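> This is the structure I have questions about; it appears just below.
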Amino acid sequence: MSTVLVSFFVACTRHGQRALVRLLSSPQRRRARKRAQAAEPGQESRAWLTNPIEGDAFDAEIKVEGRVLDQPEDHDVWVVHRVPNSSEIWPKEKLALDLTGWFKVTTLEGGRPRSMAVVLLLTSRQVSEEFEEWFQRGRRTGRYPSLRLPSSARELASAVVRSVTVP
């Protein structure tokens, strides 16, 4: 049976590959969503990723969905991409949460790493401003070098994903 699935996976288009990965991992997605929905506010900041989940495949676009609870007013939550087991990060998106803490964004990955972590990072407003300045420099120069993970930032949730187009 597994040989049939692998053959089907390899033969599929990129769209079909994504659909197959989603089908194979749907129980994990349902468990993550249930944990996020069951969470009660009033404790320190917490977050869950319902998409992507560990081991998902990515191409240029990555749909990032989840929930953040109890975000301090003087902090922001960012989606960043990080090299696994490294402190190299690339800020991608400052999150705007709905009234219950849910969010949905799409990030872009142009570097084509073999694998990377999609991370929800709780940052002070000062770090958030530094990320915004980094974006402004990047728009002017066309270069977006990696940043060091700020020591004051706190990782709330992450998932290591793998590239469907390995260089």
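By convention here, the chains of the structure tokens are called A, B, ... in the order presented, each chain's residues are numbered starting at 1, and ligands are numbered starting at 1 in the order presented.
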Would you pick out the contacts of region 89-95 of chain A at 6 Å or less, using only C-alpha atoms, so that residues sharing its chain but fewer than 2 positions from it are not included, and give the list as a list in words?
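The residues satisfying every condition are Val77, Trp78, Val79, Val80, His81, Arg82, Ser146 and Leu147 of chain A.
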> Taking 6 positions as the minimum chain separation for residues in the same chain, which residues sit within 10 Å of Arg162 (chain A) when counting only C-alpha atoms? Answer as a list in words.
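My list of contacting residues is Glu54, Gly55, Asp56, Ala57, Phe58, Asp59, Arg112, Pro113, Arg114, Ser115, Met116 and Ala117 of chain A.
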> Just list the residues in region 124-161 of chain A DSSP gives strand (DSSP E) on the backbone, as a PyMOL selection string.
chain A and resi 124+147-148+154-161
> Could you write out that same residue set with N, CA, C and O atoms as a PDB file, in the first residue's frame?

```pdb
ATOM      1  N   SER A 124       8.982  42.458  21.482  1.00  0.00           N
ATOM      2  CA  SER A 124       8.693  43.775  22.041  1.00  0.00           C
ATOM      3  C   SER A 124       8.419  44.732  20.888  1.00  0.00           C
ATOM      4  O   SER A 124       8.751  44.446  19.733  1.00  0.00           O
ATOM      5  N   LEU A 147      18.661  37.825   9.875  1.00  0.00           N
ATOM      6  CA  LEU A 147      18.853  38.520  11.137  1.00  0.00           C
ATOM      7  C   LEU A 147      19.111  37.482  12.219  1.00  0.00           C
ATOM      8  O   LEU A 147      18.751  36.315  12.068  1.00  0.00           O
ATOM      9  N   ARG A 148      19.707  37.910  13.302  1.00  0.00           N
ATOM     10  CA  ARG A 148      19.869  37.042  14.465  1.00  0.00           C
ATOM     11  C   ARG A 148      18.574  37.061  15.267  1.00  0.00           C
ATOM     12  O   ARG A 148      17.952  38.111  15.429  1.00  0.00           O
ATOM     13  N   ARG A 154      10.341  35.706  22.121  1.00  0.00           N
ATOM     14  CA  ARG A 154       9.947  34.383  22.622  1.00  0.00           C
ATOM     15  C   ARG A 154       9.211  33.612  21.533  1.00  0.00           C
ATOM     16  O   ARG A 154       8.252  34.120  20.934  1.00  0.00           O
ATOM     17  N   GLU A 155       9.672  32.405  21.262  1.00  0.00           N
ATOM     18  CA  GLU A 155       9.036  31.541  20.274  1.00  0.00           C
ATOM     19  C   GLU A 155       7.782  30.938  20.892  1.00  0.00           C
ATOM     20  O   GLU A 155       7.849  30.256  21.905  1.00  0.00           O
ATOM     21  N   LEU A 156       6.628  31.216  20.271  1.00  0.00           N
ATOM     22  CA  LEU A 156       5.364  30.711  20.792  1.00  0.00           C
ATOM     23  C   LEU A 156       4.969  29.378  20.170  1.00  0.00           C
ATOM     24  O   LEU A 156       4.369  28.536  20.825  1.00  0.00           O
ATOM     25  N   ALA A 157       5.263  29.200  18.890  1.00  0.00           N
ATOM     26  CA  ALA A 157       4.915  27.966  18.177  1.00  0.00           C
ATOM     27  C   ALA A 157       5.779  27.881  16.930  1.00  0.00           C
ATOM     28  O   ALA A 157       6.238  28.902  16.420  1.00  0.00           O
ATOM     29  N   SER A 158       6.005  26.657  16.458  1.00  0.00           N
ATOM     30  CA  SER A 158       6.770  26.495  15.219  1.00  0.00           C
ATOM     31  C   SER A 158       6.460  25.148  14.582  1.00  0.00           C
ATOM     32  O   SER A 158       5.974  24.231  15.242  1.00  0.00           O
ATOM     33  N   ALA A 159       6.753  25.070  13.294  1.00  0.00           N
ATOM     34  CA  ALA A 159       6.639  23.824  12.546  1.00  0.00           C
ATOM     35  C   ALA A 159       7.759  23.802  11.519  1.00  0.00           C
ATOM     36  O   ALA A 159       7.942  24.778  10.789  1.00  0.00           O
ATOM     37  N   VAL A 160       8.514  22.717  11.478  1.00  0.00           N
ATOM     38  CA  VAL A 160       9.560  22.557  10.475  1.00  0.00           C
ATOM     39  C   VAL A 160       8.917  21.945   9.242  1.00  0.00           C
ATOM     40  O   VAL A 160       8.248  20.916   9.326  1.00  0.00           O
ATOM     41  N   VAL A 161       9.104  22.635   8.110  1.00  0.00           N
ATOM     42  CA  VAL A 161       8.519  22.197   6.850  1.00  0.00           C
ATOM     43  C   VAL A 161       9.636  21.943   5.847  1.00  0.00           C
ATOM     44  O   VAL A 161      10.768  22.403   6.022  1.00  0.00           O
TER      45      VAL A 161
END
```
> Between CA of Arg125 (chain A) and CA of Asp74 (chain A), what is the distance in Å, rounded to a tenth?
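CA of Arg125 (chain A) sits 6.2 Å away from CA of Asp74 (chain A).
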> Neighbours of Leu149 (chain A) within 8 Å (only C-alpha atoms; same-chain residues fewer than 4 positions away dropped), as a compact mmCIF listing (two decimals) with N, CA and C atoms, in the first residue's frame?

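The resulting file, around.txt, is reproduced below:
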```
# COMPACT_ATOMS: atom_id res chain seq x y z
N SER A 87 19.94 30.36 14.75
CA SER A 87 19.34 31.62 15.19
C SER A 87 19.16 32.59 14.03
N GLU A 88 19.33 32.10 12.79
CA GLU A 88 19.10 32.93 11.60
C GLU A 88 17.61 32.99 11.29
N ILE A 89 17.07 34.23 11.19
CA ILE A 89 15.64 34.38 10.90
C ILE A 89 15.44 35.40 9.78
N ALA A 153 13.07 38.04 22.27
CA ALA A 153 11.90 37.47 21.61
C ALA A 153 11.61 36.08 22.15
```
> For Leu97 (chain A), which of A:Asn51, A:Val68, A:Pro145, A:Arg139 is the closest residue, counting only C-alpha atoms?
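Nearest to Leu97 (chain A): A:Val68.
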